[in-house]
file model.pdb (PDB, C-alpha atoms)
ATOM      1  CA  MET A   1     -38.758 101.176 -51.110
ATOM      2  CA  ALA A   2     -41.729  99.442 -49.475
ATOM      3  CA  LYS A   3     -41.620  96.737 -52.124
ATOM      4  CA  GLY A   4     -37.908  96.220 -51.451
ATOM      5  CA  LYS A   5     -38.568  95.798 -47.747
ATOM      6  CA  GLU A   6     -41.376  93.329 -48.449
ATOM      7  CA  LYS A   7     -39.047  91.305 -50.671
ATOM      8  CA  GLU A   8     -36.449  91.294 -47.877
ATOM      9  CA  THR A   9     -39.049  89.957 -45.394
ATOM     10  CA  LYS A  10     -40.005  87.203 -47.860
ATOM     11  CA  LYS A  11     -36.311  86.310 -48.319
ATOM     12  CA  VAL A  12     -35.906  85.979 -44.553
ATOM     13  CA  SER A  13     -38.934  83.727 -44.256
ATOM     14  CA  LEU A  14     -37.669  81.584 -47.128
ATOM     15  CA  GLU A  15     -34.390  81.250 -45.266
ATOM     16  CA  ASP A  16     -36.308  80.351 -42.137
ATOM     17  CA  LEU A  17     -38.203  77.675 -44.031
ATOM     18  CA  ASN A  18     -34.983  76.267 -45.443
ATOM     19  CA  ARG A  19     -33.402  76.233 -42.010
ATOM     20  CA  GLU A  20     -36.407  74.450 -40.574
ATOM     21  CA  LEU A  21     -36.354  72.012 -43.485
ATOM     22  CA  ARG A  22     -32.686  71.219 -42.902
ATOM     23  CA  GLY A  23     -33.499  70.656 -39.224
ATOM     24  CA  TYR A  24     -36.163  68.078 -40.081
ATOM     25  CA  ILE A  25     -33.894  66.345 -42.588
ATOM     26  CA  ALA A  26     -31.164  66.094 -39.942
ATOM     27  CA  GLN A  27     -33.747  64.752 -37.490
ATOM     28  CA  ILE A  28     -34.833  62.069 -40.000
ATOM     29  CA  GLU A  29     -31.203  61.062 -40.542
ATOM     30  CA  ALA A  30     -30.579  60.831 -36.793
ATOM     31  CA  LEU A  31     -33.740  58.766 -36.299
ATOM     32  CA  ARG A  32     -32.711  56.424 -39.129
ATOM     33  CA  ALA A  33     -29.288  55.949 -37.536
ATOM     34  CA  GLU A  34     -30.946  55.153 -34.204
ATOM     35  CA  ILE A  35     -33.291  52.625 -35.857
ATOM     36  CA  SER A  36     -30.303  51.001 -37.529
ATOM     37  CA  ALA A  37     -28.543  50.696 -34.141
ATOM     38  CA  ILE A  38     -31.715  49.179 -32.652
ATOM     39  CA  ASP A  39     -31.901  46.662 -35.521
ATOM     40  CA  THR A  40     -28.305  45.636 -34.849
ATOM     41  CA  ALA A  41     -29.077  45.224 -31.138
ATOM     42  CA  ILE A  42     -32.162  43.080 -31.910
ATOM     43  CA  THR A  43     -30.136  40.894 -34.305
ATOM     44  CA  ASP A  44     -27.466  40.456 -31.602
ATOM     45  CA  LEU A  45     -30.084  39.473 -29.017
ATOM     46  CA  ARG A  46     -31.641  36.932 -31.432
ATOM     47  CA  SER A  47     -28.177  35.503 -31.972
ATOM     48  CA  VAL A  48     -27.778  35.186 -28.189
ATOM     49  CA  ILE A  49     -31.094  33.256 -27.980
ATOM     50  CA  LYS A  50     -29.824  30.877 -30.684
ATOM     51  CA  THR A  51     -26.480  30.440 -28.881
ATOM     52  CA  ILE A  52     -28.112  29.757 -25.491
ATOM     53  CA  ASN A  53     -30.377  27.118 -27.042
ATOM     54  CA  ASN A  54     -27.456  25.537 -28.923
ATOM     55  CA  ILE A  55     -25.296  25.400 -25.780
ATOM     56  CA  LYS A  56     -28.173  23.849 -23.856
ATOM     57  CA  ASP A  57     -28.551  21.218 -26.582
ATOM     58  CA  LEU A  58     -24.804  20.518 -26.654
ATOM     59  CA  GLY A  59     -24.810  19.846 -22.923
ATOM     60  CA  LYS A  60     -22.143  19.667 -20.256
ATOM     61  CA  GLY A  61     -18.560  18.772 -21.155
ATOM     62  CA  LYS A  62     -18.672  19.821 -24.792
ATOM     63  CA  ASN A  63     -15.640  21.749 -26.082
ATOM     64  CA  ILE A  64     -16.403  25.200 -27.431
ATOM     65  CA  LEU A  65     -14.480  28.247 -28.667
ATOM     66  CA  ILE A  66     -15.057  31.521 -26.850
ATOM     67  CA  PRO A  67     -14.160  34.795 -28.596
ATOM     68  CA  ILE A  68     -11.704  36.843 -26.544
ATOM     69  CA  GLY A  69     -11.643  39.883 -28.800
ATOM     70  CA  ALA A  70     -10.731  40.737 -32.405
ATOM     71  CA  ILE A  71      -9.762  37.514 -34.221
ATOM     72  CA  ALA A  72      -8.838  35.380 -31.200
ATOM     73  CA  GLN A  73     -10.780  32.572 -29.551
ATOM     74  CA  ILE A  74     -10.005  30.324 -26.623
ATOM     75  CA  GLU A  75     -11.038  26.730 -26.146
ATOM     76  CA  ALA A  76     -13.293  26.024 -23.188
ATOM     77  CA  LYS A  77     -15.533  23.308 -21.868
ATOM     78  CA  ILE A  78     -19.209  23.818 -21.075
ATOM     79  CA  GLU A  79     -19.418  23.477 -17.318
ATOM     80  CA  ASN A  80     -23.001  24.427 -16.672
ATOM     81  CA  PRO A  81     -25.259  24.813 -19.725
ATOM     82  CA  GLU A  82     -28.232  25.536 -17.470
ATOM     83  CA  LYS A  83     -26.830  28.872 -16.259
ATOM     84  CA  VAL A  84     -26.365  32.075 -18.227
ATOM     85  CA  VAL A  85     -24.871  35.321 -16.919
ATOM     86  CA  VAL A  86     -26.952  38.216 -18.231
ATOM     87  CA  SER A  87     -26.301  41.933 -17.924
ATOM     88  CA  ILE A  88     -29.039  43.707 -15.985
ATOM     89  CA  GLY A  89     -27.596  47.186 -16.461
ATOM     90  CA  ASN A  90     -25.025  49.497 -14.891
ATOM     91  CA  GLY A  91     -22.225  46.957 -15.028
ATOM     92  CA  ILE A  92     -24.180  44.405 -12.992
ATOM     93  CA  SER A  93     -24.767  40.891 -14.317
ATOM     94  CA  ALA A  94     -26.877  38.169 -12.768
ATOM     95  CA  GLU A  95     -26.655  34.419 -13.145
ATOM     96  CA  LEU A  96     -29.979  33.221 -14.535
ATOM     97  CA  ASN A  97     -31.219  29.805 -15.553
ATOM     98  CA  VAL A  98     -31.826  29.269 -19.261
ATOM     99  CA  GLU A  99     -35.588  29.976 -19.094
ATOM    100  CA  GLU A 100     -35.084  33.180 -17.086
ATOM    101  CA  ALA A 101     -32.341  34.334 -19.451
ATOM    102  CA  LEU A 102     -34.473  33.680 -22.531
ATOM    103  CA  ALA A 103     -37.398  35.545 -20.937
ATOM    104  CA  GLN A 104     -35.134  38.480 -20.052
ATOM    105  CA  ILE A 105     -33.791  38.628 -23.611
ATOM    106  CA  ALA A 106     -37.313  38.408 -25.088
ATOM    107  CA  LYS A 107     -38.325  41.303 -22.820
ATOM    108  CA  GLU A 108     -35.331  43.295 -24.028
ATOM    109  CA  ILE A 109     -36.230  42.605 -27.672
ATOM    110  CA  ALA A 110     -39.848  43.650 -27.050
ATOM    111  CA  SER A 111     -38.773  46.938 -25.468
ATOM    112  CA  LEU A 112     -36.385  47.637 -28.368
ATOM    113  CA  GLN A 113     -39.167  46.877 -30.852
ATOM    114  CA  ALA A 114     -41.481  49.299 -29.034
ATOM    115  CA  LEU A 115     -38.769  51.960 -29.170
ATOM    116  CA  ARG A 116     -38.280  51.218 -32.879
ATOM    117  CA  ARG A 117     -42.001  51.710 -33.530
ATOM    118  CA  ALA A 118     -41.947  55.055 -31.705
ATOM    119  CA  LEU A 119     -38.952  56.191 -33.771
ATOM    120  CA  GLU A 120     -40.672  55.105 -36.994
ATOM    121  CA  GLU A 121     -43.715  57.175 -36.038
ATOM    122  CA  ALA A 122     -41.434  60.128 -35.361
ATOM    123  CA  ILE A 123     -39.902  59.677 -38.845
ATOM    124  CA  VAL A 124     -43.369  59.663 -40.447
ATOM    125  CA  GLU A 125     -44.203  62.899 -38.604
ATOM    126  CA  ALA A 126     -40.907  64.481 -39.620
ATOM    127  CA  TYR A 127     -41.518  63.441 -43.238
ATOM    128  CA  ALA A 128     -44.964  65.047 -43.175
ATOM    129  CA  LYS A 129     -43.423  68.239 -41.804
ATOM    130  CA  THR A 130     -40.744  68.122 -44.504
ATOM    131  CA  GLU A 131     -43.377  67.773 -47.247
ATOM    132  CA  GLU A 132     -45.341  70.652 -45.747
ATOM    133  CA  LEU A 133     -42.267  72.874 -45.590
ATOM    134  CA  LEU A 134     -41.244  71.962 -49.141
ATOM    135  CA  GLU A 135     -44.686  72.975 -50.363
ATOM    136  CA  LYS A 136     -44.457  76.278 -48.470
ATOM    137  CA  THR A 137     -40.969  76.887 -49.874
ATOM    138  CA  LYS A 138     -42.226  76.280 -53.423
ATOM    139  CA  GLN A 139     -45.138  78.673 -52.906
ATOM    140  CA  LEU A 140     -42.915  81.388 -51.487
ATOM    141  CA  GLY A 141     -40.390  80.908 -54.256
ATOM    142  CA  ALA A 142     -43.105  81.226 -56.883
ATOM    143  CA  GLU A 143     -44.472  84.378 -55.221
ATOM    144  CA  GLU A 144     -41.011  85.905 -55.092
ATOM    145  CA  SER A 145     -40.284  85.261 -58.746
ATOM    146  CA  LYS A 146     -43.467  87.105 -59.779
TER     147      LYS A 146
ATOM    148  CA  MET C   1     -24.078  72.039 -12.768
ATOM    149  CA  ASP C   2     -25.960  72.832 -15.954
ATOM    150  CA  GLU C   3     -29.310  71.376 -17.049
ATOM    151  CA  LYS C   4     -27.704  68.799 -19.341
ATOM    152  CA  GLU C   5     -25.494  67.419 -16.556
ATOM    153  CA  LYS C   6     -28.469  67.342 -14.213
ATOM    154  CA  GLU C   7     -30.528  65.494 -16.805
ATOM    155  CA  ALA C   8     -27.725  62.947 -17.356
ATOM    156  CA  LEU C   9     -27.467  62.319 -13.615
ATOM    157  CA  GLU C  10     -31.258  61.924 -13.296
ATOM    158  CA  LYS C  11     -31.153  59.414 -16.162
ATOM    159  CA  LEU C  12     -28.333  57.462 -14.512
ATOM    160  CA  LYS C  13     -30.249  57.469 -11.233
ATOM    161  CA  ASP C  14     -33.344  56.069 -13.000
ATOM    162  CA  GLU C  15     -31.265  53.345 -14.649
ATOM    163  CA  LEU C  16     -29.667  52.403 -11.322
ATOM    164  CA  THR C  17     -33.092  52.302  -9.672
ATOM    165  CA  GLU C  18     -34.316  50.031 -12.475
ATOM    166  CA  THR C  19     -31.331  47.685 -12.004
ATOM    167  CA  LEU C  20     -31.920  47.711  -8.250
ATOM    168  CA  ASP C  21     -35.568  46.689  -8.825
ATOM    169  CA  ILE C  22     -34.460  43.806 -11.037
ATOM    170  CA  VAL C  23     -31.939  42.601  -8.436
ATOM    171  CA  GLU C  24     -34.440  42.891  -5.582
ATOM    172  CA  ASN C  25     -37.103  41.024  -7.562
ATOM    173  CA  LEU C  26     -34.819  38.205  -8.644
ATOM    174  CA  GLY C  27     -35.566  35.433  -6.224
ATOM    175  CA  GLY C  28     -33.569  32.320  -5.417
ATOM    176  CA  LYS C  29     -29.918  31.893  -4.653
ATOM    177  CA  ARG C  30     -27.848  33.162  -7.527
ATOM    178  CA  ARG C  31     -24.514  34.722  -8.302
ATOM    179  CA  TYR C  32     -23.981  38.332  -9.369
ATOM    180  CA  PHE C  33     -21.058  39.949 -11.131
ATOM    181  CA  TYR C  34     -19.883  43.538 -11.226
ATOM    182  CA  ASN C  35     -17.990  44.766 -14.253
ATOM    183  CA  THR C  36     -15.004  46.729 -12.988
ATOM    184  CA  GLY C  37     -13.769  47.688 -16.424
ATOM    185  CA  VAL C  38     -11.939  44.720 -17.891
ATOM    186  CA  ILE C  39     -12.819  41.981 -15.444
ATOM    187  CA  CYS C  40     -16.009  41.069 -13.597
ATOM    188  CA  VAL C  41     -15.992  40.506  -9.851
ATOM    189  CA  GLU C  42     -18.368  38.016  -8.288
ATOM    190  CA  MET C  43     -20.695  39.453  -5.647
ATOM    191  CA  ASN C  44     -23.624  38.272  -3.615
ATOM    192  CA  LYS C  45     -27.034  39.916  -3.701
ATOM    193  CA  GLU C  46     -26.472  42.031  -0.571
ATOM    194  CA  GLU C  47     -23.206  43.406  -1.925
ATOM    195  CA  VAL C  48     -24.829  44.305  -5.245
ATOM    196  CA  VAL C  49     -27.793  46.012  -3.552
ATOM    197  CA  GLN C  50     -25.422  47.949  -1.291
ATOM    198  CA  LEU C  51     -23.276  48.993  -4.266
ATOM    199  CA  ILE C  52     -26.235  50.277  -6.292
ATOM    200  CA  LYS C  53     -27.794  52.050  -3.294
ATOM    201  CA  ALA C  54     -24.461  53.764  -2.573
ATOM    202  CA  GLU C  55     -24.247  54.945  -6.192
ATOM    203  CA  ILE C  56     -27.823  56.282  -6.056
ATOM    204  CA  GLU C  57     -27.028  58.070  -2.783
ATOM    205  CA  GLU C  58     -23.929  59.689  -4.361
ATOM    206  CA  ILE C  59     -25.999  60.934  -7.285
ATOM    207  CA  GLU C  60     -28.663  62.327  -4.961
ATOM    208  CA  LYS C  61     -25.996  64.213  -2.996
ATOM    209  CA  ILE C  62     -24.584  65.700  -6.215
ATOM    210  CA  LEU C  63     -28.069  66.682  -7.389
ATOM    211  CA  LYS C  64     -28.771  68.366  -4.050
ATOM    212  CA  GLY C  65     -25.448  70.186  -4.274
ATOM    213  CA  GLU C  66     -24.109  68.513  -1.133
ATOM    214  CA  LYS C  67     -21.230  66.986  -3.057
ATOM    215  CA  ASN C  68     -19.091  67.846  -6.083
ATOM    216  CA  GLU C  69     -18.965  65.538  -9.074
TER     217      GLU C  69
END

call {"tool": "encode", "arguments": {"input": "model.pdb", "output": "structure tokens"}}
result
Amino acid sequence: MAKGKEKETKKVSLEDLNRELRGYIAQIEALRAEISAIDTAITDLRSVIKTINNIKDLGKGKNILIPIGAIAQIEAKIENPEKVVVSIGNGISAELNVEEALAQIAKEIASLQALRRALEEAIVEAYAKTEELLEKTKQLGAEESK
Amino acid sequence: MDEKEKEALEKLKDELTETLDIVENLGGKRRYFYNTGVICVEMNKEEVVQLIKAEIEEIEKILKGEKNE
């Protein structure tokens, strides 16, 4: 009877370990998805830097195509290659000169990279926890099968 | 209001405060735009500052329970 109860307690703790393990795996997946979104955002920002520099080099009066959504573009003429309208959050955008815009974008990239590093550290920690829990699960499983 | 809603409002308030700091620290004469959904409306600095401050004030009222969401 006592042995049966002990076995039941062990089963519960094995379930607990598995639940905790699944939690960490889900956390790792979520962190990976967030890192992937950050990578996309950084790539987009680098593309913006390239575009700003190209437009500046092209100069005033050059004809360009501006995407207006999906597969459509509209022809436009560069009126002022020295000014860029940049989002500063909460639906507000400010007109900046090229240098200011590039600095703002570089700042944005740096903050995203810092966030990425923090998420990578969190993944390493979650991995360590996963390994630890796997080891505990193996031990408990071995004890139970005795 | 539950904790999650309160947290979301606090976060929005922080973001608005951050945007307000950027606007207030941007010197020189420049144009600002407010995204109204599909189109952007041109605004001057004073209008933008007023708009953000009003939004922050609304959030503070909701957080204090003086106003419903």

call {"tool": "residues_around", "arguments": {"input": "model.pdb", "residues": "Asp14 (chain C)", "least_positions_apart": "5", "cutoff": "12 Å", "atoms": "all atoms listed in the file", "output": "PyMOL selection string"}}
result
(chain A and resi 89-90) or (chain C and resi 7-9+19-21+52-53+55-56+59-60)

call {"tool": "closest_residue", "arguments": {"input": "model.pdb", "among": "C:Glu24, C:Glu5, C:Glu10, C:Glu18", "to": "chain A", "atoms": "only C-alpha atoms"}}
result
C:Glu18

call {"tool": "closest_atom_pairs", "arguments": {"input": "model.pdb", "of": "chain C", "to": "chain A", "cutoff": "12 Å", "atoms": "all atoms listed in the file", "output": "CSV"}}
result
residue,atom,partner,partner_atom,distance
C:Lys11,CA,A:Asn90,CA,11.7
C:Leu12,CA,A:Asn90,CA,8.6
C:Lys13,CA,A:Asn90,CA,10.2
C:Asp14,CA,A:Asn90,CA,10.8
C:Glu15,CA,A:Asn90,CA,7.3
C:Leu16,CA,A:Asn90,CA,6.5
C:Thr17,CA,A:Asn90,CA,10.0
C:Glu18,CA,A:Gly89,CA,8.3
C:Thr19,CA,A:Gly89,CA,5.8
C:Leu20,CA,A:Ile88,CA,9.2
C:Asp21,CA,A:Ile88,CA,10.1
C:Ile22,CA,A:Ile88,CA,7.3
C:Val23,CA,A:Ala94,CA,8.0
C:Glu24,CA,A:Ala94,CA,11.5
C:Asn25,CA,A:Ala94,CA,11.8
C:Leu26,CA,A:Ala94,CA,8.9
C:Gly27,CA,A:Leu96,CA,10.3
C:Gly28,CA,A:Leu96,CA,9.8
C:Lys29,CA,A:Glu95,CA,9.4
C:Arg30,CA,A:Glu95,CA,5.9
C:Arg31,CA,A:Glu95,CA,5.3
C:Tyr32,CA,A:Ala94,CA,4.5
C:Phe33,CA,A:Ser93,CA,5.0
C:Tyr34,CA,A:Ile92,CA,4.7
C:Asn35,CA,A:Gly91,CA,4.8
C:Thr36,CA,A:Gly91,CA,7.5
C:Gly37,CA,A:Gly91,CA,8.6
C:Val38,CA,A:Gly91,CA,10.9
C:Ile39,CA,A:Gly91,CA,10.6
C:Cys40,CA,A:Gly91,CA,8.7
C:Val41,CA,A:Ile92,CA,9.6
C:Glu42,CA,A:Ser93,CA,9.2
C:Met43,CA,A:Ala94,CA,9.5
C:Asn44,CA,A:Ala94,CA,9.7
C:Lys45,CA,A:Ala94,CA,9.2
C:Glu47,CA,A:Ile92,CA,11.2
C:Val48,CA,A:Ile92,CA,7.8
C:Val49,CA,A:Ile92,CA,10.2
C:Leu51,CA,A:Ile92,CA,9.9
C:Ile52,CA,A:Asn90,CA,8.7
C:Glu55,CA,A:Asn90,CA,10.3
C:Ile56,CA,A:Asn90,CA,11.5

call {"tool": "resolve_selection", "arguments": {"input": "model.pdb", "expression": "the PyMOL selection byres ((chain A and resi 14-17) around 12)", "output": "PyMOL selection string"}}
result
chain A and resi 7-13+18-24+129-144

call {"tool": "resolve_selection", "arguments": {"input": "model.pdb", "expression": "the PyMOL selection byres ((chain A and resi 51-62) around 9)", "output": "ChimeraX atom specification"}}
result
/A:46-50,63-64,76-82,84,98,101-102

call {"tool": "atom_distance", "arguments": {"input": "model.pdb", "atom1": "CA of Lys6 (chain C)", "atom2": "CA of Ile123 (chain A)"}}
result
28.2 Å

call {"tool": "atom_distance", "arguments": {"input": "model.pdb", "atom1": "CA of Ala37 (chain A)", "atom2": "CA of Ala70 (chain A)"}}
result
20.5 Å

call {"tool": "resolve_selection", "arguments": {"input": "model.pdb", "expression": "the PyMOL selection byres ((chain A and resi 108-119) around 8)", "output": "PyMOL selection string"}}
result
chain A and resi 31+35+38+42+45+104-107+120-123

call {"tool": "build_atoms", "arguments": {"input": "model.pdb", "residues": "region 17-42 of chain A", "atoms": "N, CA and C atoms", "output": "CSV table (one decimal), in the frame of the given file"}}
result
chain,number,residue,atom,x,y,z
A,17,LEU,N,-37.6,78.9,-43.6
A,17,LEU,CA,-38.2,77.7,-44.0
A,17,LEU,C,-37.1,76.7,-44.4
A,18,ASN,N,-36.1,77.2,-45.1
A,18,ASN,CA,-35.0,76.3,-45.4
A,18,ASN,C,-34.3,75.7,-44.2
A,19,ARG,N,-34.1,76.6,-43.2
A,19,ARG,CA,-33.4,76.2,-42.0
A,19,ARG,C,-34.2,75.2,-41.3
A,20,GLU,N,-35.5,75.4,-41.2
A,20,GLU,CA,-36.4,74.4,-40.6
A,20,GLU,C,-36.4,73.1,-41.3
A,21,LEU,N,-36.4,73.2,-42.6
A,21,LEU,CA,-36.4,72.0,-43.5
A,21,LEU,C,-35.1,71.2,-43.2
A,22,ARG,N,-34.0,71.9,-43.2
A,22,ARG,CA,-32.7,71.2,-42.9
A,22,ARG,C,-32.7,70.6,-41.5
A,23,GLY,N,-33.4,71.2,-40.6
A,23,GLY,CA,-33.5,70.7,-39.2
A,23,GLY,C,-34.3,69.3,-39.2
A,24,TYR,N,-35.4,69.3,-40.0
A,24,TYR,CA,-36.2,68.1,-40.1
A,24,TYR,C,-35.4,67.0,-40.8
A,25,ILE,N,-34.7,67.4,-41.9
A,25,ILE,CA,-33.9,66.3,-42.6
A,25,ILE,C,-32.8,65.7,-41.7
A,26,ALA,N,-32.2,66.6,-40.9
A,26,ALA,CA,-31.2,66.1,-39.9
A,26,ALA,C,-31.8,65.2,-38.9
A,27,GLN,N,-33.0,65.6,-38.5
A,27,GLN,CA,-33.7,64.8,-37.5
A,27,GLN,C,-34.1,63.4,-38.1
A,28,ILE,N,-34.5,63.3,-39.3
A,28,ILE,CA,-34.8,62.1,-40.0
A,28,ILE,C,-33.6,61.2,-40.1
A,29,GLU,N,-32.5,61.8,-40.4
A,29,GLU,CA,-31.2,61.1,-40.5
A,29,GLU,C,-30.8,60.5,-39.2
A,30,ALA,N,-30.9,61.3,-38.1
A,30,ALA,CA,-30.6,60.8,-36.8
A,30,ALA,C,-31.5,59.7,-36.4
A,31,LEU,N,-32.8,59.8,-36.7
A,31,LEU,CA,-33.7,58.8,-36.3
A,31,LEU,C,-33.4,57.5,-37.0
A,32,ARG,N,-33.1,57.6,-38.3
A,32,ARG,CA,-32.7,56.4,-39.1
A,32,ARG,C,-31.5,55.7,-38.5
A,33,ALA,N,-30.5,56.5,-38.1
A,33,ALA,CA,-29.3,55.9,-37.5
A,33,ALA,C,-29.6,55.2,-36.2
A,34,GLU,N,-30.5,55.8,-35.5
A,34,GLU,CA,-30.9,55.2,-34.2
A,34,GLU,C,-31.7,53.8,-34.5
A,35,ILE,N,-32.6,53.8,-35.5
A,35,ILE,CA,-33.3,52.6,-35.9
A,35,ILE,C,-32.3,51.5,-36.3
A,36,SER,N,-31.3,52.0,-37.1
A,36,SER,CA,-30.3,51.0,-37.5
A,36,SER,C,-29.6,50.4,-36.3
A,37,ALA,N,-29.2,51.2,-35.3
A,37,ALA,CA,-28.5,50.7,-34.1
A,37,ALA,C,-29.5,49.7,-33.4
A,38,ILE,N,-30.8,50.1,-33.3
A,38,ILE,CA,-31.7,49.2,-32.7
A,38,ILE,C,-31.8,47.8,-33.4
A,39,ASP,N,-31.8,47.9,-34.7
A,39,ASP,CA,-31.9,46.7,-35.5
A,39,ASP,C,-30.7,45.8,-35.2
A,40,THR,N,-29.5,46.4,-35.1
A,40,THR,CA,-28.3,45.6,-34.8
A,40,THR,C,-28.4,45.0,-33.5
A,41,ALA,N,-28.9,45.7,-32.5
A,41,ALA,CA,-29.1,45.2,-31.1
A,41,ALA,C,-30.1,44.0,-31.1
A,42,ILE,N,-31.2,44.2,-31.9
A,42,ILE,CA,-32.2,43.1,-31.9
A,42,ILE,C,-31.5,41.8,-32.6
